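The file input08.tsv comes next; it holds TSV, C-alpha atoms.
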chain	number	residue	atom	x	y	z
A	1	MET	CA	-2.38	-168.00	-26.67
A	2	MET	CA	-4.76	-165.46	-25.24
A	3	ASN	CA	-6.40	-163.05	-27.64
A	4	PHE	CA	-6.24	-159.60	-26.08
A	5	ARG	CA	-8.76	-157.01	-27.17
A	6	PRO	CA	-7.81	-153.33	-27.28
A	7	VAL	CA	-7.71	-152.16	-23.69
A	8	SER	CA	-9.98	-149.26	-24.52
A	9	THR	CA	-12.81	-151.70	-25.27
A	10	LEU	CA	-12.36	-153.25	-21.87
A	11	ALA	CA	-12.50	-149.84	-20.27
A	12	LEU	CA	-15.77	-148.62	-21.76
A	13	ASN	CA	-17.63	-148.95	-18.45
A	14	LEU	CA	-14.68	-147.87	-16.33
A	15	THR	CA	-15.53	-145.01	-14.01
A	16	ARG	CA	-13.10	-142.13	-13.74
A	17	SER	CA	-12.99	-142.41	-9.94
A	18	ALA	CA	-12.14	-146.12	-10.08
A	19	PHE	CA	-9.31	-145.36	-12.51
A	20	GLN	CA	-7.94	-142.61	-10.26
A	21	GLN	CA	-8.09	-144.83	-7.18
A	22	SER	CA	-6.35	-147.67	-8.99
A	23	ILE	CA	-3.50	-145.46	-10.15
A	24	ARG	CA	-3.07	-143.86	-6.71
A	25	ARG	CA	-2.96	-147.24	-4.98
A	26	THR	CA	-0.50	-148.67	-7.49
A	27	LEU	CA	1.88	-145.71	-7.42
A	28	ASN	CA	1.30	-144.98	-3.72
A	29	THR	CA	1.69	-141.28	-4.47
A	30	SER	CA	-0.67	-140.02	-1.76
A	31	SER	CA	2.14	-139.65	0.77
A	32	ALA	CA	4.94	-138.92	-1.69
A	33	PRO	CA	6.61	-135.51	-1.36
A	34	ALA	CA	6.14	-133.12	-4.25
A	35	ALA	CA	9.07	-133.00	-6.65
A	36	SER	CA	10.78	-129.68	-7.17
A	37	LEU	CA	10.83	-128.06	-10.59
A	38	SER	CA	14.60	-128.20	-10.80
A	39	SER	CA	16.68	-131.33	-11.25
A	40	LYS	CA	13.59	-133.41	-10.48
A	41	PHE	CA	11.56	-132.06	-13.40
A	42	VAL	CA	11.66	-134.05	-16.65
A	43	LYS	CA	10.25	-132.58	-19.85
A	44	ILE	CA	8.49	-135.14	-22.00
A	45	VAL	CA	8.37	-134.50	-25.74
A	46	GLU	CA	5.37	-136.37	-27.13
A	47	VAL	CA	6.12	-137.61	-30.65
A	48	GLY	CA	3.03	-139.79	-31.17
A	49	PRO	CA	1.18	-137.66	-33.75
A	50	ARG	CA	4.23	-137.50	-36.01
A	51	ASP	CA	6.74	-140.29	-35.33
A	52	GLY	CA	3.99	-142.47	-33.90
A	53	LEU	CA	1.57	-142.30	-36.82
A	54	GLN	CA	3.87	-141.96	-39.82
A	55	ASN	CA	4.31	-145.74	-40.11
A	56	GLU	CA	0.61	-146.58	-40.13
A	57	LYS	CA	-0.21	-148.13	-43.50
A	58	ALA	CA	-3.84	-147.03	-43.64
A	59	ILE	CA	-4.24	-143.28	-44.03
A	60	ILE	CA	-5.64	-141.86	-40.80
A	61	PRO	CA	-8.28	-139.13	-41.21
A	62	ALA	CA	-7.03	-135.64	-40.38
A	63	GLU	CA	-9.91	-135.28	-37.93
A	64	THR	CA	-8.59	-138.23	-35.91
A	65	LYS	CA	-5.09	-136.72	-35.82
A	66	ILE	CA	-6.48	-133.36	-34.76
A	67	GLU	CA	-8.50	-134.85	-31.93
A	68	PHE	CA	-5.51	-136.96	-30.87
A	69	ILE	CA	-3.35	-133.84	-30.56
A	70	ASN	CA	-6.10	-131.98	-28.69
A	71	ARG	CA	-6.41	-134.86	-26.24
A	72	LEU	CA	-2.64	-134.94	-25.77
A	73	SER	CA	-2.69	-131.20	-25.02
A	74	ASP	CA	-5.15	-131.89	-22.20
A	75	THR	CA	-2.88	-134.42	-20.45
A	76	GLY	CA	-0.43	-131.82	-19.17
A	77	LEU	CA	2.24	-132.42	-21.81
A	78	SER	CA	4.20	-129.28	-22.63
A	79	VAL	CA	5.48	-130.45	-26.04
A	80	VAL	CA	3.47	-132.31	-28.67
A	81	GLU	CA	5.21	-132.88	-32.01
A	82	ALA	CA	2.26	-132.41	-34.31
A	83	THR	CA	3.20	-133.42	-37.84
A	84	SER	CA	5.82	-133.41	-40.58
A	85	PHE	CA	5.99	-131.15	-43.63
A	86	VAL	CA	7.44	-133.83	-45.85
A	87	SER	CA	6.59	-134.89	-49.39
A	88	PRO	CA	3.45	-137.07	-49.42
A	89	LYS	CA	5.26	-139.17	-52.01
A	90	TRP	CA	7.67	-140.39	-49.34
A	91	VAL	CA	5.44	-140.29	-46.26
A	92	PRO	CA	1.79	-140.31	-47.41
A	93	GLN	CA	0.52	-140.32	-43.83
A	94	MET	CA	1.80	-136.76	-43.35
A	95	GLY	CA	0.18	-135.33	-46.48
A	96	ASP	CA	-2.36	-133.40	-44.40
A	97	ALA	CA	0.23	-131.48	-42.34
A	98	THR	CA	-1.14	-128.00	-43.05
A	99	LYS	CA	-4.73	-128.99	-42.27
A	100	VAL	CA	-3.71	-130.67	-39.02
A	101	ILE	CA	-1.50	-127.91	-37.63
A	102	THR	CA	-3.96	-125.15	-38.51
A	103	SER	CA	-6.97	-126.98	-37.07
A	104	ILE	CA	-5.78	-128.08	-33.62
A	105	LYS	CA	-6.75	-126.17	-30.47
A	106	MET	CA	-3.40	-124.77	-29.43
A	107	LYS	CA	-2.77	-124.14	-25.75
A	108	GLU	CA	-0.54	-121.29	-24.63
A	109	ASN	CA	1.61	-123.52	-22.45
A	110	VAL	CA	2.11	-126.22	-25.08
A	111	SER	CA	4.60	-126.23	-27.97
A	112	TYR	CA	3.69	-127.93	-31.25
A	113	PRO	CA	6.92	-128.48	-33.21
A	114	CYS	CA	6.78	-129.90	-36.73
A	115	LEU	CA	9.43	-131.84	-38.62
A	116	THR	CA	10.76	-129.98	-41.66
A	117	PRO	CA	13.32	-132.04	-43.62
A	118	ASN	CA	14.00	-129.40	-46.28
A	119	ILE	CA	13.43	-125.78	-47.30
A	120	LYS	CA	10.19	-126.60	-49.08
A	121	GLY	CA	8.86	-128.16	-45.91
A	122	LEU	CA	10.05	-125.21	-43.86
A	123	ASP	CA	8.32	-122.75	-46.19
A	124	ALA	CA	5.07	-124.66	-45.80
A	125	ALA	CA	5.49	-124.66	-42.02
A	126	ILE	CA	6.14	-120.91	-41.99
A	127	ALA	CA	3.03	-120.33	-44.11
A	128	ALA	CA	1.03	-122.39	-41.61
A	129	GLY	CA	2.25	-120.28	-38.70
A	130	VAL	CA	4.43	-122.93	-37.05
A	131	LYS	CA	6.52	-121.56	-34.15
A	132	GLU	CA	8.98	-124.44	-33.75
A	133	VAL	CA	10.43	-126.93	-36.20
A	134	ALA	CA	12.66	-129.96	-36.00
A	135	VAL	CA	15.43	-130.99	-38.37
A	136	PHE	CA	17.38	-134.21	-38.48
A	137	LEU	CA	20.74	-135.66	-39.35
A	138	ALA	CA	22.07	-139.19	-39.06
A	139	ALA	CA	25.29	-140.41	-37.50
A	140	SER	CA	25.61	-143.08	-40.19
A	141	ASP	CA	26.46	-142.49	-43.84
A	142	SER	CA	24.50	-145.53	-45.00
A	143	PHE	CA	21.37	-144.50	-43.10
A	144	SER	CA	21.71	-140.93	-44.35
A	145	LYS	CA	21.96	-142.11	-47.94
A	146	LYS	CA	18.94	-144.38	-47.57
A	147	ASN	CA	16.93	-141.66	-45.81
A	148	ILE	CA	17.82	-138.39	-47.53
A	149	ASN	CA	20.12	-139.56	-50.36
A	150	CYS	CA	23.33	-137.91	-49.19
A	151	THR	CA	26.27	-138.56	-46.86
A	152	VAL	CA	26.44	-137.17	-43.33
A	153	GLU	CA	29.00	-134.59	-44.44
A	154	GLU	CA	26.77	-133.48	-47.33
A	155	SER	CA	23.75	-133.32	-45.03
A	156	TYR	CA	25.41	-130.56	-42.99
A	157	GLU	CA	25.20	-128.20	-45.94
A	158	ARG	CA	21.59	-129.15	-46.59
A	159	VAL	CA	20.40	-128.45	-43.08
A	160	ARG	CA	22.43	-125.28	-42.47
A	161	PRO	CA	20.33	-122.92	-44.66
A	162	LEU	CA	17.17	-124.49	-43.24
A	163	ILE	CA	18.18	-123.66	-39.66
A	164	THR	CA	19.33	-120.19	-40.70
A	165	LYS	CA	16.05	-119.37	-42.42
A	166	ALA	CA	13.99	-120.69	-39.51
A	167	LYS	CA	15.89	-118.52	-37.04
A	168	GLU	CA	15.47	-115.51	-39.33
A	169	HIS	CA	11.72	-116.01	-38.95
A	170	GLY	CA	11.98	-116.29	-35.18
A	171	ILE	CA	11.27	-120.02	-35.24
A	172	LEU	CA	12.87	-122.31	-32.67
A	173	VAL	CA	14.78	-125.28	-34.09
A	174	ARG	CA	15.21	-128.65	-32.44
A	175	GLY	CA	17.69	-131.15	-33.86
A	176	TYR	CA	17.40	-134.92	-34.14
A	177	VAL	CA	20.35	-137.26	-34.59
A	178	SER	CA	19.39	-140.71	-35.86
A	179	CYS	CA	21.21	-144.01	-35.31
A	180	VAL	CA	23.14	-142.81	-32.27
A	181	VAL	CA	23.97	-146.32	-31.06
A	182	GLY	CA	23.57	-148.57	-34.06
A	183	CYS	CA	22.68	-148.47	-37.75
A	184	PRO	CA	20.57	-151.10	-39.56
A	185	TYR	CA	23.09	-151.08	-42.41
A	186	GLU	CA	26.46	-150.45	-40.76
A	187	GLY	CA	26.09	-151.89	-37.27
A	188	PRO	CA	27.51	-150.13	-34.17
A	189	VAL	CA	27.96	-146.36	-34.42
A	190	SER	CA	30.86	-144.57	-32.74
A	191	PRO	CA	29.92	-142.18	-29.89
A	192	LYS	CA	32.61	-139.88	-31.28
A	193	LYS	CA	30.74	-139.63	-34.59
A	194	VAL	CA	27.47	-138.89	-32.78
A	195	ALA	CA	29.22	-136.17	-30.78
A	196	GLU	CA	30.49	-134.61	-34.00
A	197	VAL	CA	27.03	-134.54	-35.61
A	198	SER	CA	25.40	-133.26	-32.40
A	199	LYS	CA	27.90	-130.43	-32.09
A	200	LYS	CA	27.30	-129.42	-35.71
A	201	LEU	CA	23.56	-129.08	-35.07
A	202	TYR	CA	24.08	-127.26	-31.78
A	203	ASP	CA	26.58	-124.83	-33.31
A	204	MET	CA	24.19	-124.16	-36.22
A	205	GLY	CA	21.57	-122.98	-33.76
A	206	CYS	CA	19.50	-125.94	-32.57
A	207	TYR	CA	18.51	-125.23	-28.97
A	208	GLU	CA	18.06	-128.92	-28.15
A	209	ILE	CA	19.53	-132.12	-29.58
A	210	SER	CA	17.52	-135.32	-29.40
A	211	LEU	CA	19.65	-138.46	-29.57
A	212	GLY	CA	17.68	-141.18	-31.34
A	213	ASP	CA	18.32	-144.88	-30.84
A	214	THR	CA	16.48	-145.49	-34.09
A	215	ILE	CA	16.62	-149.29	-34.10
A	216	GLY	CA	16.54	-149.74	-30.33
A	217	VAL	CA	19.84	-151.62	-29.94
A	218	GLY	CA	21.14	-149.45	-27.10
A	219	THR	CA	21.77	-150.71	-23.58
A	220	PRO	CA	22.58	-148.68	-20.44
A	221	GLY	CA	26.26	-149.34	-21.10
A	222	SER	CA	26.22	-148.00	-24.66
A	223	VAL	CA	23.97	-145.09	-23.67
A	224	GLN	CA	26.40	-144.14	-20.93
A	225	ASP	CA	29.29	-144.15	-23.40
A	226	LEU	CA	27.20	-142.11	-25.84
A	227	LEU	CA	26.26	-139.41	-23.33
A	228	GLN	CA	29.77	-139.18	-21.96
A	229	ALA	CA	31.03	-138.41	-25.46
A	230	VAL	CA	28.26	-136.04	-26.57
A	231	SER	CA	28.14	-134.08	-23.31
A	232	GLN	CA	31.76	-133.11	-23.87
A	233	VAL	CA	30.71	-130.95	-26.81
A	234	VAL	CA	27.02	-130.18	-26.12
A	235	PRO	CA	25.72	-129.17	-22.66
A	236	MET	CA	23.78	-131.96	-20.95
A	237	LYS	CA	20.89	-129.54	-20.40
A	238	ALA	CA	20.54	-129.28	-24.20
A	239	LEU	CA	20.31	-133.04	-24.74
A	240	ALA	CA	17.28	-135.32	-25.00
A	241	VAL	CA	16.98	-139.07	-25.48
A	242	HIS	CA	14.68	-140.71	-28.02
A	243	CYS	CA	14.57	-144.44	-27.28
A	244	HIS	CA	12.96	-147.18	-29.31
A	245	ASP	CA	12.02	-150.33	-27.44
A	246	THR	CA	12.95	-152.94	-30.04
A	247	TYR	CA	14.95	-155.01	-27.53
A	248	GLY	CA	13.04	-153.98	-24.41
A	249	GLN	CA	15.80	-151.63	-23.27
A	250	ALA	CA	14.12	-148.23	-23.59
A	251	LEU	CA	13.17	-147.63	-19.94
A	252	ALA	CA	16.54	-148.88	-18.72
A	253	ASN	CA	18.27	-146.54	-21.16
A	254	ILE	CA	16.13	-143.60	-20.06
A	255	HIS	CA	16.94	-144.39	-16.43
A	256	CYS	CA	20.64	-144.35	-17.32
A	257	ALA	CA	20.25	-141.00	-19.10
A	258	LEU	CA	18.45	-139.52	-16.08
A	259	GLU	CA	21.26	-140.67	-13.78
A	260	MET	CA	23.71	-138.86	-16.04
A	261	GLY	CA	21.72	-135.61	-15.95
A	262	VAL	CA	19.45	-135.70	-19.02
A	263	ARG	CA	16.09	-134.09	-18.29
A	264	VAL	CA	14.31	-134.31	-21.65
A	265	VAL	CA	12.76	-137.56	-22.87
A	266	ASP	CA	10.98	-138.24	-26.17
A	267	SER	CA	8.16	-140.77	-26.06
A	268	SER	CA	5.03	-141.79	-27.94
A	269	MET	CA	1.57	-142.35	-26.50
A	270	ALA	CA	0.63	-146.06	-26.53
A	271	GLY	CA	4.12	-146.86	-27.86
A	272	LEU	CA	3.10	-145.93	-31.38
A	273	GLY	CA	5.64	-145.59	-34.14
A	274	GLY	CA	8.93	-146.61	-35.57
A	275	CYS	CA	11.12	-145.57	-38.46
A	276	PRO	CA	10.11	-146.50	-42.04
A	277	TYR	CA	13.78	-146.44	-43.06
A	278	ALA	CA	15.02	-148.74	-40.29
A	279	PRO	CA	14.03	-152.38	-40.90
A	280	GLY	CA	13.15	-154.17	-37.67
A	281	ALA	CA	12.56	-151.03	-35.61
A	282	SER	CA	9.54	-151.45	-33.38
A	283	GLY	CA	7.64	-148.67	-31.67
A	284	ASN	CA	8.90	-145.83	-29.54
A	285	VAL	CA	8.88	-146.16	-25.79
A	286	ALA	CA	5.35	-145.56	-24.51
A	287	THR	CA	4.66	-142.22	-22.84
A	288	GLU	CA	2.48	-143.92	-20.23
A	289	ASP	CA	5.35	-146.25	-19.25
A	290	VAL	CA	7.78	-143.34	-19.00
A	291	VAL	CA	5.42	-141.30	-16.83
A	292	TYR	CA	4.71	-144.31	-14.60
A	293	MET	CA	8.43	-144.90	-14.08
A	294	LEU	CA	9.21	-141.23	-13.48
A	295	GLU	CA	6.42	-140.85	-10.93
A	296	GLY	CA	7.72	-143.91	-9.12
A	297	MET	CA	11.16	-142.26	-9.02
A	298	GLN	CA	9.68	-139.03	-7.58
A	299	TYR	CA	10.26	-137.03	-10.78
A	300	GLU	CA	7.78	-134.35	-11.83
A	301	THR	CA	6.51	-134.28	-15.43
A	302	GLY	CA	3.31	-132.26	-15.30
A	303	VAL	CA	1.55	-135.13	-17.10
A	304	ASN	CA	-1.67	-136.60	-15.70
A	305	LEU	CA	-1.13	-140.35	-15.96
A	306	GLN	CA	-4.84	-141.15	-15.96
A	307	LYS	CA	-5.51	-138.78	-18.88
A	308	ALA	CA	-2.45	-140.13	-20.69
A	309	ILE	CA	-3.76	-143.69	-20.39
A	310	GLU	CA	-7.22	-142.65	-21.55
A	311	THR	CA	-5.67	-140.91	-24.56
A	312	GLY	CA	-3.47	-143.90	-25.39
A	313	ASN	CA	-6.48	-146.19	-25.17
A	314	TRP	CA	-8.50	-143.83	-27.36
A	315	ILE	CA	-5.96	-143.66	-30.20
A	316	SER	CA	-5.28	-147.41	-29.97
A	317	GLU	CA	-8.98	-148.11	-30.41
A	318	ARG	CA	-9.13	-145.77	-33.41
A	319	LEU	CA	-6.21	-147.66	-34.98
A	320	GLY	CA	-7.72	-151.06	-34.17
A	321	LYS	CA	-4.85	-152.24	-32.01
A	322	SER	CA	-4.02	-152.85	-28.37
A	323	ASN	CA	-2.31	-150.12	-26.37
A	324	GLY	CA	1.42	-150.81	-26.56
A	325	SER	CA	2.03	-149.47	-23.06
A	326	LYS	CA	2.44	-152.14	-20.39
A	327	ALA	CA	1.56	-149.67	-17.63
A	328	ALA	CA	-1.59	-148.58	-19.46
A	329	ARG	CA	-2.75	-152.15	-19.99
A	330	ALA	CA	-2.05	-153.17	-16.40
A	331	LEU	CA	-3.70	-150.14	-14.79
A	332	THR	CA	-6.70	-150.29	-17.11
A	333	LEU	CA	-7.30	-153.98	-16.45
A	334	LYS	CA	-6.79	-153.45	-12.73
A	335	ALA	CA	-9.32	-150.64	-12.68
A	336	VAL	CA	-11.81	-152.64	-14.76
A	337	SER	CA	-11.49	-155.52	-12.32
A	338	ALA	CA	-11.94	-153.24	-9.32
A	339	ALA	CA	-15.03	-151.66	-10.85
A	340	ALA	CA	-16.54	-155.04	-11.70
A	341	CYS	CA	-15.78	-156.62	-8.31
A	342	PRO	CA	-15.90	-153.94	-5.58
A	343	PRO	CA	-14.60	-155.02	-2.16
A	344	THR	CA	-17.27	-156.52	0.09
A	345	PRO	CA	-17.59	-155.95	3.86
A	346	GLU	CA	-15.65	-158.47	5.88
A	347	SER	CA	-17.67	-161.38	7.17
A	348	PRO	CA	-18.15	-161.72	10.96
A	349	LEU	CA	-15.79	-164.68	10.95
A	350	LYS	CA	-13.02	-162.74	9.21
A	351	SER	CA	-13.47	-159.78	11.52
A	352	LYS	CA	-12.82	-161.97	14.54
A	353	LEU	CA	-9.66	-163.50	13.11

Structure rendered as structure tokens:
Amino acid sequence: MMNFRPVSTLALNLTRSAFQQSIRRTLNTSSAPAASLSSKFVKIVEVGPRDGLQNEKAIIPAETKIEFINRLSDTGLSVVEATSFVSPKWVPQMGDATKVITSIKMKENVSYPCLTPNIKGLDAAIAAGVKEVAVFLAASDSFSKKNINCTVEESYERVRPLITKAKEHGILVRGYVSCVVGCPYEGPVSPKKVAEVSKKLYDMGCYEISLGDTIGVGTPGSVQDLLQAVSQVVPMKALAVHCHDTYGQALANIHCALEMGVRVVDSSMAGLGGCPYAPGASGNVATEDVVYMLEGMQYETGVNLQKAIETGNWISERLGKSNGSKAARALTLKAVSAAACPPTPESPLKSKL
């Protein structure tokens, strides 16, 4: 079996121009018409700094997280989920939330939402000047009990005062629903139950509902059933998909969601992340792979693919692992090869043939 080094190591001598040329040739975007900023625009919500890093066993220095977020801000992303104001006892990796969110270089056109699972977390976020928070519920009682120690029905009353207080402070609230297709403890989850939970969050005041396939068991068929049910009670324009790639179905599921009208996609740079409460859940779908697919489908994202790949390579190197994005690995290796072996002028014999 081949032993792959982190792609960022391979790319140390890669010139920026070679990378740009490689991406343009591969995507063939030079003659592609510009996408309109209407139904062809897809908002990508980058969850790498929070959902992507929370599972890392070794504590990552705050300075690395801060630089990661700053690099993400420079890729053209409009939303970068920065951190989580959660008890360090349960998620030690997020114990530096206040330092991280108050130290990053915020851009005016970028939102930096933070996860706040309870009032204590919300208060800390408010004190840190956070302008947008995210809350979460599960569509499975077993997962909810394992995660936040209460049933789904009980969780409604926990999250309601949190959303109310956030709105009183002029803070936007995004809602996550976990286990929208399957639960690691209960198995398949009913689309009807997901629709119920989604409507609760939307009615409480969440402007957007992200549907999370936490353990990555979804397929285009189950995602279609899910969106058909949820869109009956929550407008499609207020829905997002958050796909894990455990079974290699994430891009197919995103494609299905796009065909049904969803225009918000959660993803994680370099495919970082997973859920600590969902055994067997591998990383999120890689942002680089999503952008590559969307550009090939003539969608507009505002994200610079080259900068995204460079950022994914950078954080992967800092974590001592290979970039989990297939597109990033392929384009990096292709560009390295092109830089190492530039095309030579045709020989006289070849020119005559």

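What separates CA of Ser73 (chain A) from CA of Arg318 (chain A) is a distance of 18.0 Å.
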
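Note that the spacing between CA of Ser267 (chain A) and CA of Val291 (chain A) amounts to 9.6 Å.
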
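Compared by their closest atoms to Gly312 (chain A), and using only C-alpha atoms, the residues A:Lys105, A:Arg71, A:Arg263, A:Lys334 rank with A:Arg71 nearest.
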
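For the residues A:Phe143, A:Trp90, A:Tyr202, A:Tyr112, ranking by smallest atom-to-atom distance to Arg50 (chain A) using only C-alpha atoms places A:Tyr112 first.
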
Problem set entry | Ref. answer, residues at most 12 Å from (25.5, -125.3, -33.9) with only C-alpha atoms, as a PyMOL selection string | chain A and resi 156+159-160+163-164+173-175+195-209+233-235+238

Exercise. Rounded to one decimal in Å, what is the spacing between CA of Cys150 (chain A) and CA of Pro184 (chain A)?
Worked result: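 Taking CA of Cys150 (chain A) and CA of Pro184 (chain A), their separation equals 16.6 Å.
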
For this session: Tell me which protein, DNA and RNA residues are within 9 Å of Leu227 (chain A), counting only C-alpha atoms, leaving out same-chain ones fewer than 6 positions away, and put them as a PyMOL selection string.
Result: chain A and resi 191+195+236+239+257+260+262

Exercise. With all atoms listed in the file as the atoms that count, which of A:Val217, A:Ala229, A:Ala308, A:Ala250 lies nearest to Gly48 (chain A)?
Worked result: A:Ala308

Exercise. Between A:Ala338, A:Ala327, A:Thr219, A:Ser210, which one has atoms that come closest to Asp245 (chain A), using all atoms listed in the file?
Worked result: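 Smallest distance to Asp245 (chain A) is found for A:Thr219.
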
For this session: Choose the residue, out of A:Val264, A:Ser144, A:Leu115, A:Met106, that has the smallest atom-to-atom separation from Lys237 (chain A); count all atoms listed in the file.
Result: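 Once distances to Lys237 (chain A) are computed over all atoms listed in the file, the minimum belongs to A:Val264.
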
Box along x, y and z, 6 Å on every side, all listed atoms of region 113-124 of chain A inside: centre and edge lengths in Å to one decimal, as JSON.
{"center_x": 9.5, "center_y": -127.4, "center_z": -41.1, "size_x": 20.9, "size_y": 21.3, "size_z": 27.9}

Exercise. Between A:Gly216, A:Gly221, A:Gly302, A:Gly283, which is the closest to Val79 (chain A) once you count only C-alpha atoms?
Worked result: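 Among A:Gly216, A:Gly221, A:Gly302, A:Gly283, it is A:Gly302 that comes nearest to Val79 (chain A).
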